[in-house]
Amino acid sequence: MKKPLALWLGCLVLFISLTLAGLQSGNRTTHSGMAAVLGSTADGYTVVVDAGHGGEDGGATSISGVQESRLNLEIARRTDTFLAFLGFPTKMIRESDTAIYDAAAETISEKKASDLKNRVQIANQTPGAVLVSIHQNMFEDGRYSGAQVFYAATESSRELAERMQETLRSAVAPDNQRQTKPAETVYLMNHIQCPGILIECGFLSNEAEDLLLQDGDYQKKLALAIGVGINGWAAEEQNKREV
């Protein structure tokens, strides 16, 4: 039976109250009881959580001086924890402020190329992988804000992105009118073989959103929405298989 978005968002409200007290960055625990409440949608999937950038590649720098790579990692850790809470097997591509390039890479260009290829390899070699890449947006005009989801060309990626965009809008920022887009120029999204999305969680160039993205409670809220979005998409995919 297909579970409507309202159910997942209702669960999200419950999870926020439960996890604001107990969901800590980097403390990953599995709560099979909560997975049972939601229904088993994790079967056959492993969510590969990619914290964008890392190490020498800090990504964008916010207007208050915070590196994107740090925020990506904090949100990715919280997302990983909540996905475990839902019963999903996960794999973090990086768990510290490091890049994952090969030892033979020497120049910055070689390190970045090697890092991206290794991220692709991890996703492609993980059975049942679903890739979720966490990033932050940046623009020269500081008035823009809001999360936006980009999707790979692989099967079910667009459906995952649309579910995620809807969940982020409903649970985090109801006024956000951004729409999903294909990740046409993103190397990682163009070389994976599994369903995959890239989430730009917000704009580091927007003063208010920059501060929000540094706030632990807001990071938890984003992680909860991401987890619920994946769970809802997985439920729909399961429903398709059962029809």
# chains A, B, ... in the order shown; residues from 1 in each chain; ligands from 1
>>> residues_around(residues="A:Arg94", least_positions_apart="5", cutoff="8 Å", atoms="only C-alpha atoms", output="list in words")
Asp50, Ala51, Leu73, Ala99 and Ile100 of chain A
>>> atom_distance(atom1="atom CA of A:Trp233", atom2="atom CA of A:Glu162")
9.2 Å
>>> select_by_dssp(residues="stretch 42-242 of chain A", states="helix (DSSP H, G or I)", output="PyMOL selection string")
chain A and resi 68-85+108-124+157-171+187-191+207-214+216-242
>>> closest_atom_pairs(of="stretch 46-135 of chain A", to="stretch 200-218 of chain A", cutoff="6 Å", atoms="only C-alpha atoms", output="tab-separated table")
residue	atom	partner	partner_atom	distance
A:Ser62	CA	A:Leu204	CA	4.5
A:Ile63	CA	A:Ser205	CA	5.7
A:His135	CA	A:Glu200	CA	4.8
>>> closest_residue(among="A:Ala42, A:Ala84, A:Leu188, A:Ala60", to="A:Lys117", atoms="only C-alpha atoms")
A:Leu188
>>> closest_residue(among="A:Val66, A:Val149, A:Ile199, A:Ile134", to="A:His53", atoms="only C-alpha atoms")
A:Ile134
>>> atom_distance(atom1="atom CA of A:Asn239", atom2="atom CA of A:Ile75")
29.2 Å
>>> select_by_dssp(residues="stretch 45-182 of chain A", states="strand (DSSP E)", output="list of chain:residue names")
A:Thr46, A:Val47, A:Val48, A:Val49, A:Asp50, A:Ala51, A:Thr90, A:Lys91, A:Met92, A:Ala129, A:Val130, A:Leu131, A:Val132, A:Ser133, A:Ile134, A:His135, A:Gln136, A:Asn137, A:Gln148, A:Val149, A:Phe150, A:Tyr151, A:Lys181, A:Pro182
>>> write_last_selection(atoms="N, CA and C atoms", output="PDB file, in the first residue's frame")
ATOM      1  N   THR A  46      21.428   0.413  -0.081  1.00  0.00           N
ATOM      2  CA  THR A  46      22.449   0.970   0.796  1.00  0.00           C
ATOM      3  C   THR A  46      22.636   2.422   0.392  1.00  0.00           C
ATOM      4  N   VAL A  47      22.409   3.336   1.307  1.00  0.00           N
ATOM      5  CA  VAL A  47      22.527   4.756   0.975  1.00  0.00           C
ATOM      6  C   VAL A  47      23.983   5.179   1.134  1.00  0.00           C
ATOM      7  N   VAL A  48      24.580   5.610   0.046  1.00  0.00           N
ATOM      8  CA  VAL A  48      25.945   6.121   0.053  1.00  0.00           C
ATOM      9  C   VAL A  48      25.853   7.631   0.289  1.00  0.00           C
ATOM     10  N   VAL A  49      26.321   8.063   1.449  1.00  0.00           N
ATOM     11  CA  VAL A  49      26.223   9.470   1.843  1.00  0.00           C
ATOM     12  C   VAL A  49      27.546  10.160   1.533  1.00  0.00           C
ATOM     13  N   ASP A  50      27.486  11.107   0.627  1.00  0.00           N
ATOM     14  CA  ASP A  50      28.695  11.804   0.167  1.00  0.00           C
ATOM     15  C   ASP A  50      28.706  13.234   0.694  1.00  0.00           C
ATOM     16  N   ALA A  51      29.637  13.529   1.592  1.00  0.00           N
ATOM     17  CA  ALA A  51      29.865  14.908   2.027  1.00  0.00           C
ATOM     18  C   ALA A  51      30.796  15.557   1.010  1.00  0.00           C
ATOM     19  N   THR A  90      24.087   2.139   5.438  1.00  0.00           N
ATOM     20  CA  THR A  90      24.689   3.318   4.817  1.00  0.00           C
ATOM     21  C   THR A  90      26.192   3.140   4.657  1.00  0.00           C
ATOM     22  N   LYS A  91      26.752   3.991   3.830  1.00  0.00           N
ATOM     23  CA  LYS A  91      28.200   4.058   3.673  1.00  0.00           C
ATOM     24  C   LYS A  91      28.574   5.520   3.507  1.00  0.00           C
ATOM     25  N   MET A  92      29.379   6.041   4.425  1.00  0.00           N
ATOM     26  CA  MET A  92      29.863   7.414   4.329  1.00  0.00           C
ATOM     27  C   MET A  92      31.109   7.445   3.450  1.00  0.00           C
ATOM     28  N   ALA A 129      23.207   0.485  -4.249  1.00  0.00           N
ATOM     29  CA  ALA A 129      23.537   1.850  -3.832  1.00  0.00           C
ATOM     30  C   ALA A 129      22.485   2.871  -4.248  1.00  0.00           C
ATOM     31  N   VAL A 130      22.276   3.838  -3.369  1.00  0.00           N
ATOM     32  CA  VAL A 130      21.540   5.066  -3.666  1.00  0.00           C
ATOM     33  C   VAL A 130      22.447   6.193  -3.179  1.00  0.00           C
ATOM     34  N   LEU A 131      22.898   7.035  -4.090  1.00  0.00           N
ATOM     35  CA  LEU A 131      23.866   8.072  -3.732  1.00  0.00           C
ATOM     36  C   LEU A 131      23.166   9.370  -3.380  1.00  0.00           C
ATOM     37  N   VAL A 132      23.525   9.931  -2.211  1.00  0.00           N
ATOM     38  CA  VAL A 132      23.042  11.246  -1.801  1.00  0.00           C
ATOM     39  C   VAL A 132      24.262  12.108  -1.514  1.00  0.00           C
ATOM     40  N   SER A 133      24.486  13.110  -2.351  1.00  0.00           N
ATOM     41  CA  SER A 133      25.652  13.973  -2.220  1.00  0.00           C
ATOM     42  C   SER A 133      25.219  15.310  -1.621  1.00  0.00           C
ATOM     43  N   ILE A 134      25.867  15.690  -0.521  1.00  0.00           N
ATOM     44  CA  ILE A 134      25.499  16.892   0.233  1.00  0.00           C
ATOM     45  C   ILE A 134      26.431  18.044  -0.131  1.00  0.00           C
ATOM     46  N   HIS A 135      25.844  19.159  -0.551  1.00  0.00           N
ATOM     47  CA  HIS A 135      26.610  20.347  -0.934  1.00  0.00           C
ATOM     48  C   HIS A 135      25.896  21.602  -0.455  1.00  0.00           C
ATOM     49  N   GLN A 136      26.553  22.750  -0.678  1.00  0.00           N
ATOM     50  CA  GLN A 136      25.958  24.054  -0.395  1.00  0.00           C
ATOM     51  C   GLN A 136      26.107  24.923  -1.645  1.00  0.00           C
ATOM     52  N   ASN A 137      25.163  25.822  -1.817  1.00  0.00           N
ATOM     53  CA  ASN A 137      25.149  26.688  -2.992  1.00  0.00           C
ATOM     54  C   ASN A 137      25.832  28.026  -2.699  1.00  0.00           C
ATOM     55  N   GLN A 148      17.925  23.028  -3.120  1.00  0.00           N
ATOM     56  CA  GLN A 148      17.558  22.578  -4.461  1.00  0.00           C
ATOM     57  C   GLN A 148      18.222  21.236  -4.729  1.00  0.00           C
ATOM     58  N   VAL A 149      17.487  20.346  -5.390  1.00  0.00           N
ATOM     59  CA  VAL A 149      17.950  18.984  -5.611  1.00  0.00           C
ATOM     60  C   VAL A 149      18.211  18.752  -7.097  1.00  0.00           C
ATOM     61  N   PHE A 150      19.371  18.193  -7.398  1.00  0.00           N
ATOM     62  CA  PHE A 150      19.765  17.845  -8.769  1.00  0.00           C
ATOM     63  C   PHE A 150      19.861  16.324  -8.873  1.00  0.00           C
ATOM     64  N   TYR A 151      19.598  15.787 -10.053  1.00  0.00           N
ATOM     65  CA  TYR A 151      19.542  14.334 -10.193  1.00  0.00           C
ATOM     66  C   TYR A 151      20.397  13.819 -11.342  1.00  0.00           C
ATOM     67  N   LYS A 181      16.455  19.785 -10.938  1.00  0.00           N
ATOM     68  CA  LYS A 181      17.095  19.937 -12.244  1.00  0.00           C
ATOM     69  C   LYS A 181      18.060  18.771 -12.480  1.00  0.00           C
ATOM     70  N   PRO A 182      18.299  18.420 -13.746  1.00  0.00           N
ATOM     71  CA  PRO A 182      19.319  17.401 -14.027  1.00  0.00           C
ATOM     72  C   PRO A 182      20.703  17.938 -13.715  1.00  0.00           C
TER      73      PRO A 182
END
>>> residues_around(residues="A:Pro195", least_positions_apart="4", cutoff="7 Å", atoms="only C-alpha atoms", output="ChimeraX atom specification")
/A:130-131,152,154-157
>>> write_last_selection(atoms="all heavy atoms", output="PDB file, in the first residue's frame")
ATOM      1  N   VAL A 130      22.276   3.838  -3.369  1.00  0.00           N
ATOM      2  CA  VAL A 130      21.540   5.066  -3.666  1.00  0.00           C
ATOM      3  C   VAL A 130      22.447   6.193  -3.179  1.00  0.00           C
ATOM      4  O   VAL A 130      22.760   6.266  -1.989  1.00  0.00           O
ATOM      5  CB  VAL A 130      20.189   5.125  -2.921  1.00  0.00           C
ATOM      6  CG1 VAL A 130      19.476   6.435  -3.236  1.00  0.00           C
ATOM      7  CG2 VAL A 130      19.317   3.935  -3.277  1.00  0.00           C
ATOM      8  N   LEU A 131      22.898   7.035  -4.090  1.00  0.00           N
ATOM      9  CA  LEU A 131      23.866   8.072  -3.732  1.00  0.00           C
ATOM     10  C   LEU A 131      23.166   9.370  -3.380  1.00  0.00           C
ATOM     11  O   LEU A 131      22.334   9.874  -4.143  1.00  0.00           O
ATOM     12  CB  LEU A 131      24.841   8.313  -4.884  1.00  0.00           C
ATOM     13  CG  LEU A 131      25.876   9.423  -4.660  1.00  0.00           C
ATOM     14  CD1 LEU A 131      26.836   9.046  -3.536  1.00  0.00           C
ATOM     15  CD2 LEU A 131      26.649   9.709  -5.945  1.00  0.00           C
ATOM     16  N   ALA A 152      20.871  12.595 -11.157  1.00  0.00           N
ATOM     17  CA  ALA A 152      21.644  11.904 -12.192  1.00  0.00           C
ATOM     18  C   ALA A 152      20.701  11.424 -13.285  1.00  0.00           C
ATOM     19  O   ALA A 152      19.477  11.455 -13.139  1.00  0.00           O
ATOM     20  CB  ALA A 152      22.393  10.723 -11.568  1.00  0.00           C
ATOM     21  N   THR A 154      20.457   8.375 -14.216  1.00  0.00           N
ATOM     22  CA  THR A 154      20.176   6.967 -13.968  1.00  0.00           C
ATOM     23  C   THR A 154      18.711   6.750 -13.564  1.00  0.00           C
ATOM     24  O   THR A 154      18.032   7.670 -13.134  1.00  0.00           O
ATOM     25  CB  THR A 154      21.090   6.422 -12.860  1.00  0.00           C
ATOM     26  OG1 THR A 154      21.070   7.337 -11.750  1.00  0.00           O
ATOM     27  CG2 THR A 154      22.529   6.292 -13.362  1.00  0.00           C
ATOM     28  N   GLU A 155      18.273   5.519 -13.693  1.00  0.00           N
ATOM     29  CA  GLU A 155      16.884   5.169 -13.427  1.00  0.00           C
ATOM     30  C   GLU A 155      16.481   5.528 -11.996  1.00  0.00           C
ATOM     31  O   GLU A 155      17.218   5.269 -11.046  1.00  0.00           O
ATOM     32  CB  GLU A 155      16.675   3.670 -13.651  1.00  0.00           C
ATOM     33  CG  GLU A 155      15.233   3.213 -13.496  1.00  0.00           C
ATOM     34  CD  GLU A 155      15.039   1.743 -13.784  1.00  0.00           C
ATOM     35  OE1 GLU A 155      16.028   1.069 -14.144  1.00  0.00           O
ATOM     36  OE2 GLU A 155      13.895   1.259 -13.670  1.00  0.00           O
ATOM     37  N   SER A 156      15.315   6.134 -11.858  1.00  0.00           N
ATOM     38  CA  SER A 156      14.696   6.506 -10.582  1.00  0.00           C
ATOM     39  C   SER A 156      15.328   7.720  -9.908  1.00  0.00           C
ATOM     40  O   SER A 156      14.849   8.160  -8.858  1.00  0.00           O
ATOM     41  CB  SER A 156      14.708   5.329  -9.589  1.00  0.00           C
ATOM     42  OG  SER A 156      13.950   4.251 -10.089  1.00  0.00           O
ATOM     43  N   SER A 157      16.379   8.286 -10.499  1.00  0.00           N
ATOM     44  CA  SER A 157      17.019   9.445  -9.867  1.00  0.00           C
ATOM     45  C   SER A 157      16.106  10.665  -9.868  1.00  0.00           C
ATOM     46  O   SER A 157      16.031  11.401  -8.873  1.00  0.00           O
ATOM     47  CB  SER A 157      18.334   9.775 -10.582  1.00  0.00           C
ATOM     48  OG  SER A 157      19.289   8.773 -10.379  1.00  0.00           O
TER      49      SER A 157
END
>>> atom_distance(atom1="atom CA of A:Ser145", atom2="atom CA of A:Arg178")
9.3 Å
>>> residues_around(residues="A:Glu166", least_positions_apart="2", cutoff="12 Å", atoms="only C-alpha atoms", output="ChimeraX atom specification")
/A:5-6,8-9,147-149,159-164,168-180,225-226,228-230,232-233
>>> write_last_selection(atoms="N, CA, C and O atoms", output="short mmCIF file (atom, residue, chain, number, x, y, z; two decimals), in the first residue's frame")
data_model
loop_
_atom_site.label_atom_id
_atom_site.label_comp_id
_atom_site.auth_asym_id
_atom_site.auth_seq_id
_atom_site.Cartn_x
_atom_site.Cartn_y
_atom_site.Cartn_z
N LEU A 5 2.75 11.23 1.47
CA LEU A 5 3.78 12.10 2.04
C LEU A 5 3.36 12.59 3.42
O LEU A 5 4.21 12.76 4.31
N ALA A 6 2.06 12.78 3.62
CA ALA A 6 1.60 13.28 4.93
C ALA A 6 2.05 12.37 6.06
O ALA A 6 2.37 12.83 7.16
N TRP A 8 4.78 10.49 6.17
CA TRP A 8 6.21 10.67 6.41
C TRP A 8 6.47 12.00 7.12
O TRP A 8 7.33 12.09 8.00
N LEU A 9 5.72 13.03 6.74
CA LEU A 9 5.93 14.32 7.38
C LEU A 9 5.41 14.30 8.82
O LEU A 9 5.97 14.94 9.70
N ALA A 147 16.95 25.31 -0.52
CA ALA A 147 17.55 24.05 -0.96
C ALA A 147 17.06 23.69 -2.36
O ALA A 147 15.92 23.99 -2.73
N GLN A 148 17.93 23.03 -3.12
CA GLN A 148 17.56 22.58 -4.46
C GLN A 148 18.22 21.24 -4.73
O GLN A 148 19.37 21.01 -4.36
N VAL A 149 17.49 20.35 -5.39
CA VAL A 149 17.95 18.98 -5.61
C VAL A 149 18.21 18.75 -7.10
O VAL A 149 17.36 19.06 -7.94
N GLU A 159 12.84 10.70 -9.89
CA GLU A 159 11.77 10.47 -8.92
C GLU A 159 12.27 10.72 -7.49
O GLU A 159 11.56 11.31 -6.67
N LEU A 160 13.48 10.28 -7.21
CA LEU A 160 14.08 10.52 -5.90
C LEU A 160 14.25 12.01 -5.65
O LEU A 160 13.95 12.52 -4.56
N ALA A 161 14.73 12.73 -6.66
CA ALA A 161 14.94 14.17 -6.52
C ALA A 161 13.63 14.91 -6.28
O ALA A 161 13.56 15.81 -5.43
N GLU A 162 12.60 14.53 -7.02
CA GLU A 162 11.31 15.22 -6.86
C GLU A 162 10.71 14.95 -5.48
O GLU A 162 10.14 15.84 -4.86
N ARG A 163 10.83 13.71 -5.03
CA ARG A 163 10.37 13.39 -3.68
C ARG A 163 11.15 14.19 -2.64
O ARG A 163 10.59 14.74 -1.69
N MET A 164 12.47 14.27 -2.84
CA MET A 164 13.32 14.99 -1.89
C MET A 164 13.01 16.48 -1.89
O MET A 164 12.92 17.11 -0.82
N LEU A 168 11.76 18.48 1.41
CA LEU A 168 12.51 19.62 1.94
C LEU A 168 11.65 20.86 1.98
O LEU A 168 11.70 21.64 2.95
N ARG A 169 10.84 21.05 0.95
CA ARG A 169 9.94 22.21 0.92
C ARG A 169 8.92 22.12 2.07
O ARG A 169 8.72 23.07 2.82
N SER A 170 8.28 20.97 2.19
CA SER A 170 7.21 20.83 3.18
C SER A 170 7.73 20.88 4.61
O SER A 170 7.09 21.46 5.50
N ALA A 171 8.90 20.29 4.84
CA ALA A 171 9.39 20.13 6.21
C ALA A 171 10.34 21.23 6.66
O ALA A 171 10.49 21.45 7.86
N VAL A 172 10.99 21.89 5.72
CA VAL A 172 12.03 22.85 6.10
C VAL A 172 11.68 24.28 5.71
O VAL A 172 11.83 25.20 6.52
N ALA A 173 11.22 24.50 4.47
CA ALA A 173 10.99 25.86 4.00
C ALA A 173 9.79 25.87 3.03
O ALA A 173 9.97 25.74 1.81
N PRO A 174 8.57 26.00 3.54
CA PRO A 174 7.37 25.95 2.70
C PRO A 174 7.34 26.98 1.57
O PRO A 174 6.66 26.77 0.56
N ASP A 175 8.06 28.09 1.73
CA ASP A 175 8.06 29.14 0.70
C ASP A 175 9.08 28.88 -0.41
O ASP A 175 9.14 29.64 -1.38
N ASN A 176 9.86 27.83 -0.28
CA ASN A 176 10.89 27.52 -1.28
C ASN A 176 10.23 26.99 -2.54
O ASN A 176 9.65 25.90 -2.55
N GLN A 177 10.34 27.72 -3.63
CA GLN A 177 9.72 27.32 -4.89
C GLN A 177 10.72 26.74 -5.89
O GLN A 177 10.41 26.59 -7.07
N ARG A 178 11.90 26.40 -5.43
CA ARG A 178 12.90 25.84 -6.34
C ARG A 178 12.45 24.48 -6.86
O ARG A 178 11.77 23.73 -6.16
N GLN A 179 12.87 24.17 -8.09
CA GLN A 179 12.49 22.92 -8.74
C GLN A 179 13.73 22.06 -8.97
O GLN A 179 14.85 22.56 -9.05
N THR A 180 13.51 20.76 -9.07
CA THR A 180 14.62 19.85 -9.36
C THR A 180 15.17 20.10 -10.76
O THR A 180 14.45 20.56 -11.65
N ALA A 225 14.70 15.61 7.17
CA ALA A 225 13.96 15.72 5.92
C ALA A 225 14.58 14.84 4.84
O ALA A 225 13.86 14.18 4.07
N ILE A 226 15.90 14.80 4.77
CA ILE A 226 16.58 13.96 3.78
C ILE A 226 16.26 12.49 4.02
O ILE A 226 15.94 11.74 3.10
N VAL A 228 13.64 11.20 5.60
CA VAL A 228 12.24 10.95 5.29
C VAL A 228 12.02 10.92 3.78
O VAL A 228 11.24 10.11 3.26
N GLY A 229 12.71 11.81 3.05
CA GLY A 229 12.59 11.81 1.59
C GLY A 229 13.05 10.50 0.97
O GLY A 229 12.40 9.95 0.08
N ILE A 230 14.19 9.99 1.43
CA ILE A 230 14.70 8.72 0.92
C ILE A 230 13.75 7.59 1.28
O ILE A 230 13.44 6.71 0.45
N GLY A 232 10.52 7.75 1.86
CA GLY A 232 9.31 7.85 1.05
C GLY A 232 9.53 7.37 -0.36
O GLY A 232 8.68 6.67 -0.94
N TRP A 233 10.66 7.74 -0.95
CA TRP A 233 10.99 7.27 -2.31
C TRP A 233 11.13 5.76 -2.33
O TRP A 233 10.62 5.08 -3.23
#
>>> closest_residue(among="A:Lys220, A:Arg70, A:Arg158, A:Arg143", to="A:Leu83", atoms="only C-alpha atoms")
A:Lys220
>>> closest_residue(among="A:Thr185, A:Met138, A:Gly87, A:Glu56", to="A:Glu106", atoms="only C-alpha atoms")
A:Glu56
